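Participant: Just one file: query.txt, with compact mmCIF, C-alpha atoms.
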# COMPACT_ATOMS: atom_id res chain seq x y z
CA MET A 1 49.75 12.43 -49.65
CA ASP A 2 53.34 12.24 -50.81
CA PRO A 3 53.43 15.04 -53.43
CA PHE A 4 56.07 13.44 -55.68
CA PRO A 5 54.24 10.23 -56.74
CA HIS A 6 50.89 12.03 -56.53
CA ALA A 7 51.99 14.57 -59.16
CA PHE A 8 52.99 11.84 -61.61
CA LEU A 9 49.89 9.77 -60.87
CA LEU A 10 47.93 12.84 -61.94
CA VAL A 11 48.99 12.22 -65.56
CA PHE A 12 47.16 8.88 -65.63
CA ALA A 13 44.14 10.36 -63.86
CA GLN A 14 43.96 13.08 -66.52
CA LEU A 15 44.38 10.52 -69.29
CA THR A 16 41.46 8.48 -67.98
CA VAL A 17 39.10 11.44 -67.55
CA GLY A 18 40.06 12.95 -70.90
CA GLY A 19 39.80 9.56 -72.55
CA PHE A 20 36.21 9.00 -71.45
CA ALA A 21 35.31 12.57 -72.41
CA SER A 22 36.79 12.02 -75.88
CA LEU A 23 34.36 9.15 -76.48
CA SER A 24 31.73 11.83 -77.08
CA ILE A 25 33.58 13.11 -80.17
CA PRO A 26 32.92 10.34 -82.76
CA PRO A 27 29.18 9.76 -83.46
CA PHE A 28 27.92 6.72 -81.58
CA ARG A 29 25.59 5.64 -84.41
CA VAL A 30 28.21 6.02 -87.15
CA ILE A 31 31.00 3.88 -85.70
CA ASP A 32 30.52 0.25 -84.69
CA ARG A 33 30.02 -0.19 -80.96
CA GLY A 34 33.13 -2.36 -80.81
CA TYR A 35 35.27 0.80 -80.97
CA PHE A 36 33.56 2.26 -77.91
CA LYS A 37 33.77 -1.04 -76.03
CA SER A 38 37.48 -1.58 -76.61
CA THR A 39 38.42 2.06 -76.03
CA ALA A 40 36.33 2.44 -72.89
CA VAL A 41 37.78 -0.76 -71.41
CA VAL A 42 41.32 0.59 -71.96
CA TYR A 43 40.47 3.80 -70.09
CA LEU A 44 38.67 1.89 -67.35
CA LEU A 45 41.74 -0.29 -66.72
CA ILE A 46 43.98 2.79 -66.55
CA GLY A 47 41.48 4.40 -64.19
CA ALA A 48 41.37 1.33 -61.95
CA LEU A 49 45.17 1.23 -61.70
CA THR A 50 45.19 4.96 -60.93
CA PHE A 51 42.63 4.43 -58.17
CA VAL A 52 44.76 1.64 -56.67
CA GLY A 53 47.72 4.00 -56.68
CA LYS A 54 45.69 6.75 -55.02
CA VAL A 55 44.44 4.38 -52.34
CA ALA A 56 47.99 3.17 -51.68
CA LEU A 57 49.26 6.75 -51.31
CA TRP A 58 46.34 7.68 -49.06
CA HIS A 59 46.90 4.59 -46.89
CA ARG A 60 50.63 5.33 -46.60
CA THR A 61 49.92 8.86 -45.37
CA PRO A 62 49.69 9.08 -41.57
CA ALA A 63 46.12 9.74 -40.46
CA PRO A 64 46.88 13.06 -38.70
CA THR A 65 48.40 14.51 -41.91
CA ARG A 66 45.64 13.45 -44.29
CA GLY A 67 44.01 16.60 -45.64
CA THR A 68 40.33 17.05 -46.40
CA LEU A 69 41.14 17.56 -50.07
CA ASP A 70 43.06 14.27 -50.15
CA THR A 71 40.03 12.39 -48.87
CA LEU A 72 37.71 14.31 -51.20
CA ASP A 73 39.97 13.51 -54.16
CA LEU A 74 39.86 9.80 -53.31
CA ALA A 75 36.07 9.86 -52.88
CA LEU A 76 35.48 11.68 -56.16
CA TRP A 77 37.80 9.29 -57.97
CA GLY A 78 35.88 6.35 -56.50
CA ILE A 79 32.59 7.85 -57.79
CA PHE A 80 34.16 8.41 -61.19
CA LEU A 81 35.41 4.83 -61.37
CA ALA A 82 32.01 3.44 -60.29
CA THR A 83 30.09 5.42 -62.90
CA ALA A 84 32.67 4.59 -65.57
CA THR A 85 32.30 0.89 -64.77
CA GLY A 86 28.54 1.19 -65.08
CA TYR A 87 28.86 2.98 -68.41
CA VAL A 88 31.20 0.34 -69.82
CA LEU A 89 28.80 -2.43 -68.79
CA THR A 90 25.90 -0.73 -70.61
CA LEU A 91 27.86 -0.90 -73.87
CA TRP A 92 27.00 -4.61 -73.94
CA GLY A 93 23.28 -3.91 -73.67
CA GLU A 94 20.53 -1.71 -75.11
CA ALA A 95 19.75 0.48 -72.09
CA MET A 96 20.37 3.68 -74.05
CA ARG A 97 18.90 6.09 -71.52
CA LEU A 98 20.87 4.56 -68.65
CA ARG A 99 24.02 4.57 -70.80
CA ALA A 100 23.63 8.27 -71.57
CA ARG A 101 23.11 9.14 -67.90
CA LEU A 102 26.08 7.08 -66.75
CA PHE A 103 28.28 8.61 -69.44
CA ALA A 104 27.33 12.12 -68.33
CA ALA A 105 27.96 11.14 -64.71
CA THR A 106 31.34 9.67 -65.66
CA TRP A 107 32.84 12.70 -67.34
CA SER A 108 31.24 15.18 -64.93
CA SER A 109 32.53 13.35 -61.83
CA GLY A 110 35.93 13.08 -63.52
CA LEU A 111 36.01 16.83 -64.13
CA LEU A 112 35.04 17.45 -60.50
CA ALA A 113 37.90 15.20 -59.39
CA LEU A 114 40.35 17.17 -61.55
CA VAL A 115 39.04 20.48 -60.20
CA ALA A 116 39.49 19.20 -56.64
CA ALA A 117 43.03 18.08 -57.50
CA ALA A 118 43.76 21.49 -59.02
CA HIS A 119 42.45 23.23 -55.91
CA SER A 120 44.77 21.16 -53.73
CA TYR A 121 47.78 22.57 -55.59
CA CYS A 122 46.72 26.22 -55.30
CA PRO A 123 48.54 28.26 -52.65
CA ALA A 124 46.60 28.97 -49.48
CA ALA A 125 44.19 31.93 -49.60
CA SER A 126 44.31 32.00 -53.40
CA PRO A 127 41.80 34.27 -55.17
CA THR A 128 39.19 32.79 -57.48
CA ILE A 129 41.16 33.61 -60.64
CA GLU A 130 44.04 31.38 -59.54
CA VAL A 131 41.74 28.45 -58.82
CA VAL A 132 40.18 28.87 -62.28
CA VAL A 133 43.59 28.96 -64.01
CA TYR A 134 44.76 25.81 -62.21
CA ALA A 135 41.51 23.95 -62.93
CA LEU A 136 41.53 25.02 -66.59
CA ALA A 137 45.12 23.85 -67.03
CA PHE A 138 44.32 20.46 -65.47
CA VAL A 139 41.20 19.94 -67.60
CA ILE A 140 42.87 20.96 -70.88
CA SER A 141 45.76 18.58 -70.20
CA ALA A 142 43.22 15.81 -69.59
CA LEU A 143 41.42 16.49 -72.86
CA LEU A 144 44.73 16.65 -74.74
CA LEU A 145 45.81 13.27 -73.38
CA GLY A 146 42.41 11.74 -74.06
CA THR A 147 42.08 12.96 -77.65
CA VAL A 148 45.59 11.92 -78.69
CA VAL A 149 45.13 8.37 -77.35
CA SER A 150 41.60 8.11 -78.75
CA GLY A 151 42.91 9.36 -82.09
CA MET A 152 45.37 6.49 -82.23
CA LEU A 153 42.74 3.94 -81.19
CA LEU A 154 40.26 5.32 -83.72
CA GLY A 155 42.92 5.08 -86.44
CA HIS A 156 43.25 1.37 -85.71
CA TRP A 157 39.51 0.96 -86.16
CA TYR A 158 39.90 1.90 -89.84
CA LEU A 159 41.81 -1.36 -90.28
CA ILE A 160 38.63 -3.17 -89.23
CA ASP A 161 35.97 -1.00 -90.87
CA ARG A 162 37.47 0.00 -94.20
CA ASN A 163 34.25 1.68 -95.34
CA LEU A 164 34.12 4.09 -92.40
CA SER A 165 34.08 7.76 -93.36
CA LEU A 166 37.16 9.83 -92.53
CA SER A 167 34.97 12.48 -90.90
CA PRO A 168 35.25 11.05 -87.32
CA PHE A 169 39.04 10.76 -87.68
CA ARG A 170 39.33 14.35 -88.91
CA THR A 171 37.05 15.57 -86.13
CA MET A 172 39.16 13.83 -83.51
CA LEU A 173 42.28 15.37 -85.03
CA GLY A 174 40.63 18.80 -84.98
CA VAL A 175 39.77 18.50 -81.29
CA TYR A 176 43.31 17.30 -80.52
CA ALA A 177 44.77 20.29 -82.39
CA GLY A 178 42.32 22.59 -80.62
CA CYS A 179 43.47 21.27 -77.24
CA LEU A 180 47.07 22.04 -78.19
CA VAL A 181 46.09 25.62 -79.03
CA LEU A 182 44.13 25.95 -75.78
CA GLN A 183 47.06 24.58 -73.80
CA ALA A 184 49.44 27.08 -75.39
CA LEU A 185 47.03 29.95 -74.65
CA THR A 186 46.54 28.75 -71.07
CA LEU A 187 50.29 28.53 -70.51
CA ALA A 188 50.74 32.06 -71.87
CA PHE A 189 47.73 33.98 -70.61
CA GLY A 190 47.24 31.83 -67.50
CA SER A 191 50.80 32.54 -66.41
CA ALA A 192 50.27 36.25 -67.07
CA LEU A 193 47.10 36.24 -64.96
CA LEU A 194 48.80 34.37 -62.15
CA MET A 195 51.69 36.85 -62.10
CA VAL A 196 49.32 39.83 -62.11
CA THR A 197 46.84 38.55 -59.51
CA GLY A 198 49.03 36.08 -57.63
CA ASN A 199 50.08 36.27 -54.02
CA ALA A 200 53.60 36.03 -52.60
CA ALA A 201 53.61 32.23 -52.97
CA ILE A 202 52.88 32.49 -56.69
CA TRP A 203 55.62 35.07 -57.20
CA SER A 204 58.05 32.87 -55.30
CA ALA A 205 57.12 29.90 -57.51
CA TYR A 206 57.81 31.87 -60.69
CA ARG A 207 61.15 33.07 -59.33
CA GLN A 208 62.05 29.44 -58.61
CA LEU A 209 60.99 28.50 -62.16
CA TRP A 210 63.11 31.28 -63.64
CA ASP A 211 66.17 30.59 -61.47
CA SER A 212 66.24 26.79 -61.43
CA HIS A 213 63.94 25.25 -64.06
CA LEU A 214 63.86 27.60 -67.04
CA THR A 215 65.73 25.22 -69.38
CA PHE A 216 63.51 22.31 -68.36
CA PHE A 217 60.41 24.44 -68.93
CA ALA A 218 61.68 25.42 -72.39
CA ALA A 219 62.20 21.73 -73.19
CA ARG A 220 58.66 21.02 -72.02
CA LEU A 221 57.29 23.66 -74.43
CA LEU A 222 59.43 22.30 -77.25
CA VAL A 223 58.12 18.76 -76.79
CA SER A 224 54.52 19.84 -76.25
CA PRO A 225 52.76 21.87 -77.54
CA LEU A 226 55.29 22.83 -80.26
CA PHE A 227 56.45 19.42 -81.54
CA THR A 228 53.03 17.88 -80.98
CA GLY A 229 51.52 20.74 -82.97
CA LEU A 230 53.84 19.91 -85.87
CA LEU A 231 52.70 16.28 -85.63
CA ALA A 232 49.07 17.41 -85.78
CA LEU A 233 49.85 19.25 -89.02
CA MET A 234 51.57 16.15 -90.42
CA ILE A 235 48.56 13.97 -89.52
CA TRP A 236 46.24 16.44 -91.24
CA ARG A 237 48.36 16.41 -94.39
CA THR A 238 48.46 12.60 -94.30
CA LEU A 239 44.67 12.40 -94.13
CA GLN A 240 44.48 14.61 -97.22
CA ILE A 241 45.98 11.74 -99.28
CA PRO A 242 44.14 9.91 -97.54
CA GLN A 243 46.31 7.38 -95.68
CA THR A 244 44.85 6.30 -92.35
CA MET A 245 47.63 3.82 -91.47
CA ALA A 246 50.32 6.49 -91.74
CA ALA A 247 48.15 8.92 -89.77
CA THR A 248 47.74 6.31 -87.03
CA GLY A 249 51.50 5.81 -86.91
CA LEU A 250 51.95 9.56 -86.47
CA PHE A 251 49.40 9.46 -83.66
CA TYR A 252 51.66 6.90 -81.93
CA ILE A 253 54.51 9.43 -82.02
CA ALA A 254 52.13 12.16 -80.87
CA ILE A 255 51.12 10.05 -77.85
CA LEU A 256 54.76 9.69 -76.82
CA ALA A 257 55.37 13.41 -77.22
CA VAL A 258 52.22 14.45 -75.36
CA VAL A 259 52.81 12.02 -72.48
CA VAL A 260 56.45 13.11 -72.14
CA GLY A 261 55.38 16.75 -72.21
CA GLU A 262 52.71 16.18 -69.57
CA ILE A 263 55.10 14.24 -67.33
CA MET A 264 57.54 17.15 -67.61
CA GLY A 265 54.68 19.49 -66.72
CA ARG A 266 53.76 17.44 -63.65
CA TYR A 267 57.42 17.45 -62.58
CA LEU A 268 57.37 21.24 -62.76
CA LEU A 269 54.10 21.17 -60.81
CA PHE A 270 55.84 19.13 -58.10
CA ARG A 271 58.92 21.38 -58.03
CA THR A 272 57.24 24.79 -58.29
CA GLY A 273 53.54 24.27 -57.65
CA LEU A 274 52.69 25.92 -60.99
CA PRO A 275 50.26 24.35 -63.51
CA LEU A 276 52.73 23.99 -66.37
Can you dump the structure from the file as structure tokens?

Facilitator:
Amino acid sequence: MDPFPHAFLLVFAQLTVGGFASLSIPPFRVIDRGYFKSTAVVYLLIGALTFVGKVALWHRTPAPTRGTLDTLDLALWGIFLATATGYVLTLWGEAMRLRARLFAATWSSGLLALVAAAHSYCPAASPTIEVVVYALAFVISALLLGTVVSGMLLGHWYLIDRNLSLSPFRTMLGVYAGCLVLQALTLAFGSALLMVTGNAAIWSAYRQLWDSHLTFFAARLLVSPLFTGLLALMIWRTLQIPQTMAATGLFYIAILAVVVGEIMGRYLLFRTGLPL
């Protein structure tokens, strides 16, 4: 596939997978099912548009140049979308056991699709540690995107259910903040591991990053996770008042910052091949 649009399409794929995974954070029996219905439908629509984009890129690629991983990525994404559709449909019924199984199949197939995508970006003949670092970076980015969007959507639900406890909102915020910490650690220690264990292709990628994209990488770190971390602190302080509407507004800003940061990271992925 064309690597340029594929790298940017990855942001929406990660958002969809992370979004469905984040539905497991608020207790299903505590929050009205309407929250899960509306949120899941949003992620399903984003996932469907992502799948259309993947199919279009795959179809545009000449048959002789289509890699096995490209076809596997498309197949895994199709499985993810099918199970996600099934899960969303069960939200309008009472088939609890089927719903639980489809939900598990949705996030697990989504994670497999992200791992396959991460593997496709690893240099040839990469050792296991490099594959793990790439996959971990992709998954953490997905969870970060999912929790920040779900945090905003959950904040809106407090306008509907004014008696809802703040515990689910605070838990979502805690997971979002935890993802920011994990992303920062992965960027730091993952890069160190890649430089220690990496092959010549990895070293060449880091030299390219240092020579040509260092300022852009610094801007990426400034936007996310640094600025987004400050926003997480502001949201936490706002919930201490408590003021859910203001916290939701801050989540809007956090979404913009996280998405911009992840797009910058995928641009660096396209330019250098590094999971930044």

Participant: Could you state the separation of atom CA of Ser120 of chain A and atom CA of His6 of chain A in Å, given to one decimal place?

Facilitator: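 So the answer is 11.3 Å.
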
Participant: Which residue is closest to Pro168 of chain A? Choose from A:Ile31, A:Ala219, A:Ala246, A:Met195 and count only C-alpha atoms.

Facilitator: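 Smallest distance to Pro168 of chain A is found for A:Ile31.
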
Participant: If I take atom CA of Leu209 of chain A and atom CA of Gly146 of chain A, how far is one from the other in Å, to one decimal?

Facilitator: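 Going from atom CA of Leu209 of chain A over to atom CA of Gly146 of chain A covers 27.7 Å.
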
Participant: Between atom CA of Asp70 of chain A and atom CA of Arg266 of chain A, what is the distance in Å, rounded to a tenth?

Facilitator: 17.5 Å

Participant: Find the spatial neighbours of Thr248 of chain A, counting all atoms listed in the file, within a cut-off of 12 Å - ignore same-chain residues fewer than 4 positions away - and output them as a PyMOL selection string.

Facilitator: chain A and resi 148-159+169-170+172-173+231-232+234-236+238-239+242-244+252-255

Participant: Show which residues sit within 10 Å of segment 35-45 of chain A, as a PyMOL selection string. Count only C-alpha atoms, and ignore same-chain residues fewer than 2 positions away.

Facilitator: chain A and resi 12-13+15-20+23-24+26+28+31-33+47-51+81-82+84-85+87-92+146+149-150+153-154+156-157+160

Participant: Check the smallest atom-to-atom distance from each of A:Leu194, A:Leu98, A:Ile79, A:Ser109 to Ile129 of chain A using only C-alpha atoms, then report the winner.

Facilitator: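 Closest residue, counting only C-alpha atoms: A:Leu194.
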
Participant: Out of A:Arg220, A:Arg207, A:Arg29, A:His119, which residue has the shortest atom-to-atom distance to Thr68 of chain A when counting only C-alpha atoms?

Facilitator: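 Comparing A:Arg220, A:Arg207, A:Arg29, A:His119 against Thr68 of chain A, the winner is A:His119.
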